[in-house]
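What follows is a single structure, written as structure tokens, with notes after it.
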Amino acid sequence: MSAESARLDEARQGIAAWKKWGPYLSERQWGTVREDYSDNGDAWNYFSHDQARSRAYRWGEDGLAGISDDQQYLCFALALWNRNDPILKERLFGLTNSEGNHGEDVKEYYFYVDSTPTHSSMRFVYKYPQRAYPYPDLVDTNRGRNRHDPEYELLDTGIFDDDRYFDVTVDYAKQGPDDILIQITVANRGSESAALELLPTLWFRNTWSWGADGPRPVFSTVRQADGGAAIRARHSQLGDYLLACEGEPELLFTENETNSERLFGVPNRSPFVKDAFHRAICCGEQGAVNPEGNGTKAAARYQLDVPAQAERVVRLRLTAEPQGHGWAPFGSSFSRTLAKRRHEADEFYDALMPSTLSDDERLVYRQACAGMLWSKQFYFYDVDRWLEERGSDPFKPGRKTAPRNDHWHHMYNGDILSMPDKWEYPWYAAWDLAFHVIALSLVDAEFGKQQLKLMLRERYMHPNGQIPAYEWNFGDVNPPVHAWSTIFTYRLDQGRTGQGDKDWLKSCFQKLLLNFTWWVNRKDRTGRNVFEGGFLGLDNIGVFDRSAPLPTGGCLEQADGTAWMALFSQNMLEIAAELAMTDDDYSDMAVKFTEHFLWISSSMYSIGGEGGMWDDDDGFFYDVLRLPDGRSERLKVRSMVGLLPLCAATVYDGKLFQKRPELQIPFERFLNARPELVQFIHDPRPTGARGRRLASILNEQRLRRVLTRMLDEQEFLSDYGIRSLSKHHAEHPFIFNAGGQDYHVAYLPSESDTGMFGGNSNWRGPIWMPVNLLILRALLNYYSYFGKDFLIECPTGSGRLMNLYEVAEEIGRRLVGLFTRDGHGRRPVNGGARKFQEDPNWRDFIQFYEYFHGDNGAGLGASHQTGWTGVVARILDLFGSMTADSALEGGRHAYFQRPGTPVAGGDR
């Protein structure tokens, strides 16, 4: 067992709190719903980036390369000043929703280079220009561009052209759970000496301004025995901590209090306020900081002159451990511990990664995992308190209407959560999180399980059974993938340990039953097993905004919504069958979800007119528009909407019927009485390879037809994965007329040119990692049923026949190829950015974008969406560990175990 694995075990067993400290600080707290107390719900403008340096937050904190304890009482991060910027760099800068053709976009370059799951070793790199940061240029130029123009990025300003910038590298290493070594390395990449003000900053989250009980925390100056400077932190709940600072930096103190005078023109409660360090350093206001040497925000000021092509190193130590006389915080053990933790991180990942991976693939794998782990954040939001504070308490007369979330007053969030992105999306999204867990389980299975269960707890899940979507609207509808991630995670754990955590699985199943019932009761308006549900994660590839009333009236019967529910039924069936192997009380549930799946999947062919959502001429599924007069029409857009029915495919080994043969009787009786249910879908009774059964919306004939379209490079198959919209629509856009207005969908390889979903242009044709993962899963399931004899042309028209394992492997290779260097040494994800493609100080830092250009693979959207794009690590693990033979032999277990390991127990 590696040292890091031992720490994970100690944390799981409660022996040592190795996860108490981590990268739990947000990278953007301003502009979030939690901090929005406006009447119109304009969160971006109510609390702006410009205000953030002067205004105390209510519900969290943000910082640069920061860490905090798991309740975010005490925070540590960097502040920087290049002596040219108008402001102190204490947080990352980016555009608001309305400030550009592609708003909500961070305009900085920073990289999560490494992290272990206990955060015993972490590395972060930030690239800081030496000239004045081009804030106005970024805003004004982006604001002047239209939706047909590309984004104006920080590199486009030319500020890095002559390498006049600093690489600021922050390394964290834990000597113990409460003893953290911090090393900051400032490298001048330019050809001339340059000055930098470096301020490692420590502050308390402001709880006292909101009526919290207990004494106010305080920082004070401490002089070390060796003469070094230190800051003492005293907190009634967290306890005492010491930040030891190497050398003799100037120590600055102020309060984490709002500068009300600057922002609102009213007197401050204290003469020392949140923006004091900015005012003292950038503006020369020496009276801004507290001369008494105490407060609730403190910093050590290092004034560095860094020669050209040289480095300067600053070391600090944050510790709660009692120190005896003569303690040397920066003795020889500091460097040894730092090196040891790095070696242990290498050891942990070397044991984790398949040996078949190339060095470049290993780099991608490790940075993907690092990004997942750095994207953990303390998320605090008491919705009932928030509503009360803004005068919108739903139980009080005369209340103001809240712009959002007033039906979610039961919610209390105060946990470490996996974020989609700590700047672009510094709030959890339930369906994103389901994908995060698939990657997180590679490195920390317990954390993944805890995340899934958290969304089902009574203080998260609505009493009606709905899983919260995200803070902009908890009541929005996300795809129901929670059950899929739950059984996937259970199998991963089962493959890793030899036995699954059935208590956890039972607990999740009970809550998932509530969620399934919510879907059936709320999103099947006709009671015919056809589902709606808003955008369902597929924003801009449809004809209409599916979260808004249709311009035609009537309703939209969604191929993706119905397919999601078919998959949900399969997942619940698989969970129930697994639990029924040892608990007969779940047998009826297995039968129930078998029936649900058959009703739902068969309805796709029978609702909405002849053939239903299936179009036999095209060999594809489409949404059906049902008009108020009873007429219906297929909206013939070839998109991911029509590929999702392919994803609803699950293989069963039949062990439950062997153990409980009496269950075969109601199963056969149900099907024999309703032969129409299997007229079009795959009949679940015949067995395939190794005696397996298959639940699938598509029978073999229709599977071939959908695959033929999906694997066509002139439709869905890109060099970098499966596109979300067929390239067919580039020359043949779909046009629908309603009320004299044309609604059209045309293929665009990158962002969409419609503003259907607000300030962002969103997307139409790009490649998304999470839905590609679902496609890979389905192909491997089909392969484990049909075996090696099922062959399909891949690519379509190439004359090259592949079995479905080989098809999955080929798509996986293309997805991984987004990030790895090609034959010319270029990473497609970096697009045309020469700095990223060619510069040795840039080219091996990977950005895990939200989605990717459908034709050239360039990264698009949020640049640090490691959350679900991080599943590329799972894809590398999958095909690095599995072969076609092991996949066929192991069936569904092949996805969860290395070749040569015994099949885990509990197979059915």
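Just so we're on the same page: first chain in the structure tokens is A, next is B, and so on; residues restart at 1 for each chain, and ligands are numbered from 1 in the order they show up.
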Close residues, Gly41 (chain A) itself excluded, 12 Å, only C-alpha atoms, min 2 positions apart in chain, as a list in words: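 Contacts, with the query itself left out: Gly31, Thr32, Val33, Arg34, Glu35, Asp36, Tyr37, Ser38, Asp39, Ala43, Trp44, Asn45, Tyr46, Phe47, Arg390, Thr401, Ala402, Pro403, Arg404, Asn405, Glu471, Trp472 and Asn473 of chain A.
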Write the residues you've just listed into a file as a compact mmCIF listing (two decimals), in the first residue's frame, and include N, CA and C atoms for each of them.
# COMPACT_ATOMS: atom_id res chain seq x y z
N GLY A 31 -20.72 37.70 -8.03
CA GLY A 31 -21.56 37.36 -9.17
C GLY A 31 -22.31 36.05 -9.02
N THR A 32 -22.37 35.50 -7.81
CA THR A 32 -23.09 34.25 -7.60
C THR A 32 -24.46 34.53 -6.99
N VAL A 33 -25.36 33.56 -7.14
CA VAL A 33 -26.72 33.71 -6.61
C VAL A 33 -26.71 33.90 -5.11
N ARG A 34 -25.83 33.21 -4.42
CA ARG A 34 -25.80 33.31 -2.95
C ARG A 34 -25.56 34.74 -2.49
N GLU A 35 -24.72 35.46 -3.21
CA GLU A 35 -24.38 36.83 -2.81
C GLU A 35 -25.34 37.86 -3.38
N ASP A 36 -26.37 37.42 -4.11
CA ASP A 36 -27.29 38.32 -4.79
C ASP A 36 -28.51 38.61 -3.91
N TYR A 37 -28.64 39.85 -3.48
CA TYR A 37 -29.81 40.28 -2.71
C TYR A 37 -30.61 41.35 -3.48
N SER A 38 -30.45 41.36 -4.79
CA SER A 38 -31.18 42.32 -5.63
C SER A 38 -32.62 41.87 -5.80
N ASP A 39 -33.47 42.79 -6.22
CA ASP A 39 -34.87 42.46 -6.48
C ASP A 39 -35.05 41.80 -7.84
N ALA A 43 -27.45 38.81 -10.58
CA ALA A 43 -26.35 38.50 -9.67
C ALA A 43 -25.02 39.08 -10.13
N TRP A 44 -24.79 39.07 -11.44
CA TRP A 44 -23.50 39.54 -11.95
C TRP A 44 -23.27 41.00 -11.61
N ASN A 45 -24.29 41.83 -11.75
CA ASN A 45 -24.11 43.26 -11.53
C ASN A 45 -24.36 43.67 -10.08
N TYR A 46 -25.08 42.85 -9.33
CA TYR A 46 -25.32 43.19 -7.93
C TYR A 46 -24.02 43.14 -7.12
N PHE A 47 -23.18 42.16 -7.45
CA PHE A 47 -21.90 42.01 -6.73
C PHE A 47 -20.84 41.76 -7.79
N ARG A 390 -33.44 38.56 2.62
CA ARG A 390 -33.84 39.43 1.51
C ARG A 390 -35.32 39.77 1.56
N THR A 401 -41.24 38.95 -3.54
CA THR A 401 -41.04 37.75 -4.37
C THR A 401 -39.56 37.57 -4.66
N ALA A 402 -39.07 36.40 -4.38
CA ALA A 402 -37.67 36.11 -4.68
C ALA A 402 -37.53 35.81 -6.18
N PRO A 403 -36.42 36.24 -6.79
CA PRO A 403 -36.25 35.96 -8.23
C PRO A 403 -35.99 34.50 -8.54
N ARG A 404 -35.68 33.72 -7.53
CA ARG A 404 -35.41 32.30 -7.76
C ARG A 404 -35.39 31.55 -6.43
N ASN A 405 -35.61 30.25 -6.52
CA ASN A 405 -35.36 29.29 -5.43
C ASN A 405 -36.24 29.42 -4.20
N GLU A 471 -27.60 26.45 -8.48
CA GLU A 471 -28.13 27.56 -7.69
C GLU A 471 -28.87 28.60 -8.52
N TRP A 472 -28.58 28.70 -9.82
CA TRP A 472 -29.32 29.66 -10.63
C TRP A 472 -30.79 29.29 -10.72
N ASN A 473 -31.10 28.03 -10.56
CA ASN A 473 -32.49 27.57 -10.48
C ASN A 473 -32.47 26.11 -10.04
Please provide the set of residues having any atom within 7 Å of region 114-131 of chain A, restricted to only C-alpha atoms, with same-chain residues fewer than 4 positions apart removed, written as a ChimeraX atom specification. /A:8,18-19,22,65,82,84,109-110,159-160,164-174,341-342,345,366-367,370,373,443-444
Those same residues - N, CA and C atoms - I'd like them written as an mmCIF file, in the first residue's frame.
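Writing the result to again.cif gives the following:
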data_model
loop_
_atom_site.group_PDB
_atom_site.id
_atom_site.type_symbol
_atom_site.label_atom_id
_atom_site.label_comp_id
_atom_site.auth_asym_id
_atom_site.auth_seq_id
_atom_site.Cartn_x
_atom_site.Cartn_y
_atom_site.Cartn_z
ATOM 1 N N LEU A 8 -5.442 7.824 2.843
ATOM 2 C CA LEU A 8 -6.868 7.720 2.496
ATOM 3 C C LEU A 8 -7.593 6.789 3.458
ATOM 4 N N TRP A 18 -6.922 13.809 7.341
ATOM 5 C CA TRP A 18 -6.041 14.233 6.252
ATOM 6 C C TRP A 18 -6.748 15.129 5.234
ATOM 7 N N LYS A 19 -8.066 15.119 5.211
ATOM 8 C CA LYS A 19 -8.801 15.946 4.253
ATOM 9 C C LYS A 19 -9.357 17.230 4.894
ATOM 10 N N GLY A 22 -7.743 21.580 2.325
ATOM 11 C CA GLY A 22 -7.639 21.289 0.906
ATOM 12 C C GLY A 22 -7.918 22.533 0.083
ATOM 13 N N ALA A 65 -5.063 30.459 -6.037
ATOM 14 C CA ALA A 65 -4.267 29.294 -5.625
ATOM 15 C C ALA A 65 -4.490 28.967 -4.154
ATOM 16 N N ASN A 82 2.420 43.611 -9.745
ATOM 17 C CA ASN A 82 3.577 43.779 -10.618
ATOM 18 C C ASN A 82 4.059 45.231 -10.701
ATOM 19 N N ASN A 84 2.503 47.659 -11.804
ATOM 20 C CA ASN A 84 1.920 48.338 -12.963
ATOM 21 C C ASN A 84 0.401 48.237 -12.990
ATOM 22 N N TYR A 109 -4.630 32.739 -17.101
ATOM 23 C CA TYR A 109 -4.007 31.445 -17.378
ATOM 24 C C TYR A 109 -3.462 30.869 -16.078
ATOM 25 N N TYR A 110 -4.075 29.795 -15.650
ATOM 26 C CA TYR A 110 -3.709 29.118 -14.410
ATOM 27 C C TYR A 110 -3.956 27.626 -14.613
ATOM 28 N N ILE A 159 -0.047 40.528 -24.456
ATOM 29 C CA ILE A 159 0.659 40.806 -23.204
ATOM 30 C C ILE A 159 1.732 39.769 -22.870
ATOM 31 N N PHE A 160 1.661 38.581 -23.487
ATOM 32 C CA PHE A 160 2.673 37.549 -23.251
ATOM 33 C C PHE A 160 3.654 37.422 -24.414
ATOM 34 N N ARG A 164 7.320 38.651 -21.099
ATOM 35 C CA ARG A 164 7.420 39.484 -19.900
ATOM 36 C C ARG A 164 6.311 39.082 -18.925
ATOM 37 N N TYR A 165 6.524 37.982 -18.252
ATOM 38 C CA TYR A 165 5.555 37.492 -17.267
ATOM 39 C C TYR A 165 6.273 36.646 -16.236
ATOM 40 N N PHE A 166 5.589 36.415 -15.128
ATOM 41 C CA PHE A 166 6.079 35.526 -14.075
ATOM 42 C C PHE A 166 5.291 34.224 -14.112
ATOM 43 N N ASP A 167 5.983 33.117 -13.955
ATOM 44 C CA ASP A 167 5.328 31.859 -13.589
ATOM 45 C C ASP A 167 5.368 31.777 -12.063
ATOM 46 N N VAL A 168 4.193 31.816 -11.456
ATOM 47 C CA VAL A 168 4.106 31.710 -9.999
ATOM 48 C C VAL A 168 3.608 30.302 -9.678
ATOM 49 N N THR A 169 4.483 29.489 -9.114
ATOM 50 C CA THR A 169 4.157 28.096 -8.796
ATOM 51 C C THR A 169 3.990 27.947 -7.293
ATOM 52 N N VAL A 170 2.862 27.409 -6.888
ATOM 53 C CA VAL A 170 2.578 27.197 -5.466
ATOM 54 C C VAL A 170 2.559 25.697 -5.203
ATOM 55 N N ASP A 171 3.416 25.254 -4.300
ATOM 56 C CA ASP A 171 3.446 23.857 -3.868
ATOM 57 C C ASP A 171 2.989 23.777 -2.422
ATOM 58 N N TYR A 172 2.065 22.839 -2.165
ATOM 59 C CA TYR A 172 1.616 22.546 -0.803
ATOM 60 C C TYR A 172 2.028 21.108 -0.467
ATOM 61 N N ALA A 173 2.481 20.899 0.744
ATOM 62 C CA ALA A 173 2.788 19.545 1.224
ATOM 63 C C ALA A 173 2.405 19.465 2.694
ATOM 64 N N LYS A 174 1.727 18.385 3.069
ATOM 65 C CA LYS A 174 1.300 18.230 4.456
ATOM 66 C C LYS A 174 2.319 17.397 5.242
ATOM 67 N N ARG A 341 6.692 14.092 -0.232
ATOM 68 C CA ARG A 341 5.282 14.094 -0.638
ATOM 69 C C ARG A 341 5.157 14.043 -2.158
ATOM 70 N N ARG A 342 6.054 14.699 -2.865
ATOM 71 C CA ARG A 342 6.026 14.612 -4.327
ATOM 72 C C ARG A 342 6.317 13.187 -4.784
ATOM 73 N N ALA A 345 3.307 11.103 -4.202
ATOM 74 C CA ALA A 345 2.291 11.354 -5.229
ATOM 75 C C ALA A 345 2.621 10.584 -6.498
ATOM 76 N N ARG A 366 -2.888 12.493 -15.307
ATOM 77 C CA ARG A 366 -2.577 13.043 -13.979
ATOM 78 C C ARG A 366 -3.106 14.461 -13.828
ATOM 79 N N GLN A 367 -3.006 15.269 -14.883
ATOM 80 C CA GLN A 367 -3.537 16.626 -14.772
ATOM 81 C C GLN A 367 -5.059 16.627 -14.754
ATOM 82 N N ALA A 370 -5.772 15.857 -11.226
ATOM 83 C CA ALA A 370 -5.434 17.020 -10.404
ATOM 84 C C ALA A 370 -6.524 18.075 -10.503
ATOM 85 N N LEU A 373 -9.481 17.172 -8.419
ATOM 86 C CA LEU A 373 -9.253 17.314 -6.984
ATOM 87 C C LEU A 373 -9.135 18.782 -6.571
ATOM 88 N N VAL A 443 -9.441 7.904 -8.007
ATOM 89 C CA VAL A 443 -8.464 8.282 -6.995
ATOM 90 C C VAL A 443 -9.011 8.253 -5.574
ATOM 91 N N ASP A 444 -10.330 8.405 -5.425
ATOM 92 C CA ASP A 444 -10.912 8.486 -4.080
ATOM 93 C C ASP A 444 -12.353 7.984 -4.130
#
Looking at only C-alpha atoms, which of A:Tyr586, A:Ala862, A:Trp768, A:Gln72 is the one that sits closest to Ile416 (chain A)?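 Answer, going by the shortest atom-to-atom distance: A:Gln72.
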I'd like the neighbourhood of Gly465 (chain A) as a list of chain:residue names, where a residue qualifies if any of its atoms comes within 10 Å (using only C-alpha atoms), though same-chain residues fewer than 6 positions away should be ignored.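 The filter keeps A:Leu456, A:Glu458, A:Lys511, A:Leu512, A:Leu513, A:Leu514, A:Asn515, A:Phe516, A:Thr517, A:Trp518, A:Trp519.
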Requested write-out: C-alpha atoms of the selected residues, as an mmCIF file, in the first residue's frame:
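The resulting file, result_22.cif, is reproduced below:
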data_model
loop_
_atom_site.group_PDB
_atom_site.id
_atom_site.type_symbol
_atom_site.label_atom_id
_atom_site.label_comp_id
_atom_site.auth_asym_id
_atom_site.auth_seq_id
_atom_site.Cartn_x
_atom_site.Cartn_y
_atom_site.Cartn_z
ATOM 1 C CA LEU A 456 -30.020 12.571 -2.065
ATOM 2 C CA GLU A 458 -33.053 15.497 2.935
ATOM 3 C CA LYS A 511 -33.988 8.080 -2.379
ATOM 4 C CA LEU A 512 -33.655 7.339 -6.083
ATOM 5 C CA LEU A 513 -37.094 5.746 -5.890
ATOM 6 C CA LEU A 514 -38.451 9.137 -4.838
ATOM 7 C CA ASN A 515 -36.667 10.823 -7.710
ATOM 8 C CA PHE A 516 -37.942 8.280 -10.238
ATOM 9 C CA THR A 517 -41.474 8.824 -8.960
ATOM 10 C CA TRP A 518 -41.044 12.595 -9.317
ATOM 11 C CA TRP A 519 -40.081 12.138 -12.960
#
For each of A:Ala778, A:Leu748, A:Ala300, A:Leu656, take the minimum atom-to-atom distance to Met581 (chain A), counting only C-alpha atoms, then give the residue where this is smallest.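 Checking each of A:Ala778, A:Leu748, A:Ala300, A:Leu656 against Met581 (chain A), counting only C-alpha atoms, the winner is A:Leu656.
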List every residue of region 554-650 of chain A that DSSP, applied to the backbone of this structure, assigns to strand (DSSP E), and report them as a PDB file with N, CA and C atoms, in the first residue's frame.
ATOM      1  N   CYS A 555     -46.994  20.692 -26.857  1.00  0.00           N
ATOM      2  CA  CYS A 555     -45.871  20.202 -26.064  1.00  0.00           C
ATOM      3  C   CYS A 555     -44.885  19.471 -26.953  1.00  0.00           C
ATOM      4  N   LEU A 556     -43.708  19.263 -26.414  1.00  0.00           N
ATOM      5  CA  LEU A 556     -42.643  18.574 -27.131  1.00  0.00           C
ATOM      6  C   LEU A 556     -42.367  17.256 -26.427  1.00  0.00           C
ATOM      7  N   GLU A 557     -42.592  16.165 -27.146  1.00  0.00           N
ATOM      8  CA  GLU A 557     -42.292  14.843 -26.596  1.00  0.00           C
ATOM      9  C   GLU A 557     -40.862  14.506 -26.995  1.00  0.00           C
ATOM     10  N   TRP A 614     -39.306   7.343 -33.850  1.00  0.00           N
ATOM     11  CA  TRP A 614     -38.415   6.684 -34.809  1.00  0.00           C
ATOM     12  C   TRP A 614     -38.860   6.992 -36.229  1.00  0.00           C
ATOM     13  N   ASP A 615     -37.932   7.458 -37.048  1.00  0.00           N
ATOM     14  CA  ASP A 615     -38.204   7.728 -38.454  1.00  0.00           C
ATOM     15  C   ASP A 615     -37.534   6.641 -39.280  1.00  0.00           C
ATOM     16  N   PHE A 620     -33.459   7.053 -37.634  1.00  0.00           N
ATOM     17  CA  PHE A 620     -33.017   7.938 -36.559  1.00  0.00           C
ATOM     18  C   PHE A 620     -34.205   8.353 -35.713  1.00  0.00           C
ATOM     19  N   PHE A 621     -33.930   8.773 -34.471  1.00  0.00           N
ATOM     20  CA  PHE A 621     -34.960   9.269 -33.559  1.00  0.00           C
ATOM     21  C   PHE A 621     -35.022  10.797 -33.578  1.00  0.00           C
ATOM     22  N   ASP A 623     -37.367  14.357 -31.813  1.00  0.00           N
ATOM     23  CA  ASP A 623     -38.436  14.882 -30.962  1.00  0.00           C
ATOM     24  C   ASP A 623     -39.725  14.968 -31.769  1.00  0.00           C
ATOM     25  N   VAL A 624     -40.854  14.814 -31.067  1.00  0.00           N
ATOM     26  CA  VAL A 624     -42.158  14.946 -31.699  1.00  0.00           C
ATOM     27  C   VAL A 624     -42.868  16.165 -31.121  1.00  0.00           C
ATOM     28  N   LEU A 625     -43.260  17.075 -32.019  1.00  0.00           N
ATOM     29  CA  LEU A 625     -44.019  18.259 -31.627  1.00  0.00           C
ATOM     30  C   LEU A 625     -45.504  17.915 -31.698  1.00  0.00           C
ATOM     31  N   ARG A 626     -46.166  17.961 -30.539  1.00  0.00           N
ATOM     32  CA  ARG A 626     -47.604  17.684 -30.495  1.00  0.00           C
ATOM     33  C   ARG A 626     -48.336  19.016 -30.394  1.00  0.00           C
ATOM     34  N   SER A 632     -49.384  15.982 -34.949  1.00  0.00           N
ATOM     35  CA  SER A 632     -48.010  15.855 -34.458  1.00  0.00           C
ATOM     36  C   SER A 632     -47.042  15.848 -35.632  1.00  0.00           C
ATOM     37  N   GLU A 633     -45.819  16.242 -35.332  1.00  0.00           N
ATOM     38  CA  GLU A 633     -44.801  16.334 -36.378  1.00  0.00           C
ATOM     39  C   GLU A 633     -43.429  16.081 -35.769  1.00  0.00           C
ATOM     40  N   ARG A 634     -42.639  15.287 -36.460  1.00  0.00           N
ATOM     41  CA  ARG A 634     -41.266  15.074 -36.010  1.00  0.00           C
ATOM     42  C   ARG A 634     -40.411  16.284 -36.395  1.00  0.00           C
ATOM     43  N   LEU A 635     -39.598  16.723 -35.452  1.00  0.00           N
ATOM     44  CA  LEU A 635     -38.642  17.804 -35.724  1.00  0.00           C
ATOM     45  C   LEU A 635     -37.324  17.140 -36.121  1.00  0.00           C
ATOM     46  N   ALA A 649     -28.761   1.165 -22.939  1.00  0.00           N
ATOM     47  CA  ALA A 649     -28.454  -0.249 -23.185  1.00  0.00           C
ATOM     48  C   ALA A 649     -27.687  -0.793 -21.992  1.00  0.00           C
ATOM     49  N   THR A 650     -28.197  -1.835 -21.383  1.00  0.00           N
ATOM     50  CA  THR A 650     -27.564  -2.427 -20.210  1.00  0.00           C
ATOM     51  C   THR A 650     -27.594  -3.938 -20.332  1.00  0.00           C
TER      52      THR A 650
END
Interatomic distance between CA of Asp240 (chain A) and CA of Ala320 (chain A)? 6.0 Å
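The shell of residues at most 12 Å from Gln741 (chain A), with only C-alpha atoms counted and near chain neighbours (fewer than 6 positions) removed, consists of Pro551, Thr552 and Ile735 of chain A.
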If we count only C-alpha atoms and set the cut-off at 8 Å, which residues sit around Val706 (chain A), ignoring sequence neighbours fewer than 5 positions away in its own chain? Please answer as a VMD selection string. chain A and resid 619 to 620 643 646
Got time to write the residues from that selection, C-alpha atoms, as a compact mmCIF listing (two decimals), in the first residue's frame?
# COMPACT_ATOMS: atom_id res chain seq x y z
CA GLY A 619 -33.11 5.44 -39.43
CA PHE A 620 -33.02 7.94 -36.56
CA LEU A 643 -28.33 9.29 -30.30
CA LEU A 646 -28.62 4.21 -28.29
With only C-alpha atoms as the atoms that count, which of A:Glu311, A:Glu574, A:Asp583, A:Asp305 lies nearest to Lys659 (chain A)?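 Among A:Glu311, A:Glu574, A:Asp583, A:Asp305, it is A:Asp583 that comes nearest to Lys659 (chain A).
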Residues within 10 Å of Leu25 (chain A), only C-alpha atoms, excluding chain neighbours under 6 positions, as a list in words: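 So the residues in contact are Gly60, Glu61, Asp62, Gly63, Leu64, Ala65, Gly66, Ile67, Ser68, Asp69, Asp70, Gln72, Leu74, Cys75, Phe76, Ala77, Trp374, Ser375, Lys376, Gln377, Phe378, Tyr379, Ile416, Lys422 and Pro426 of chain A.
Considering the residues A:Asp406, A:Asp275, A:Glu257, A:Glu676 and counting only C-alpha atoms, Thr296 (chain A) has its shortest atom-to-atom contact with A:Glu257.
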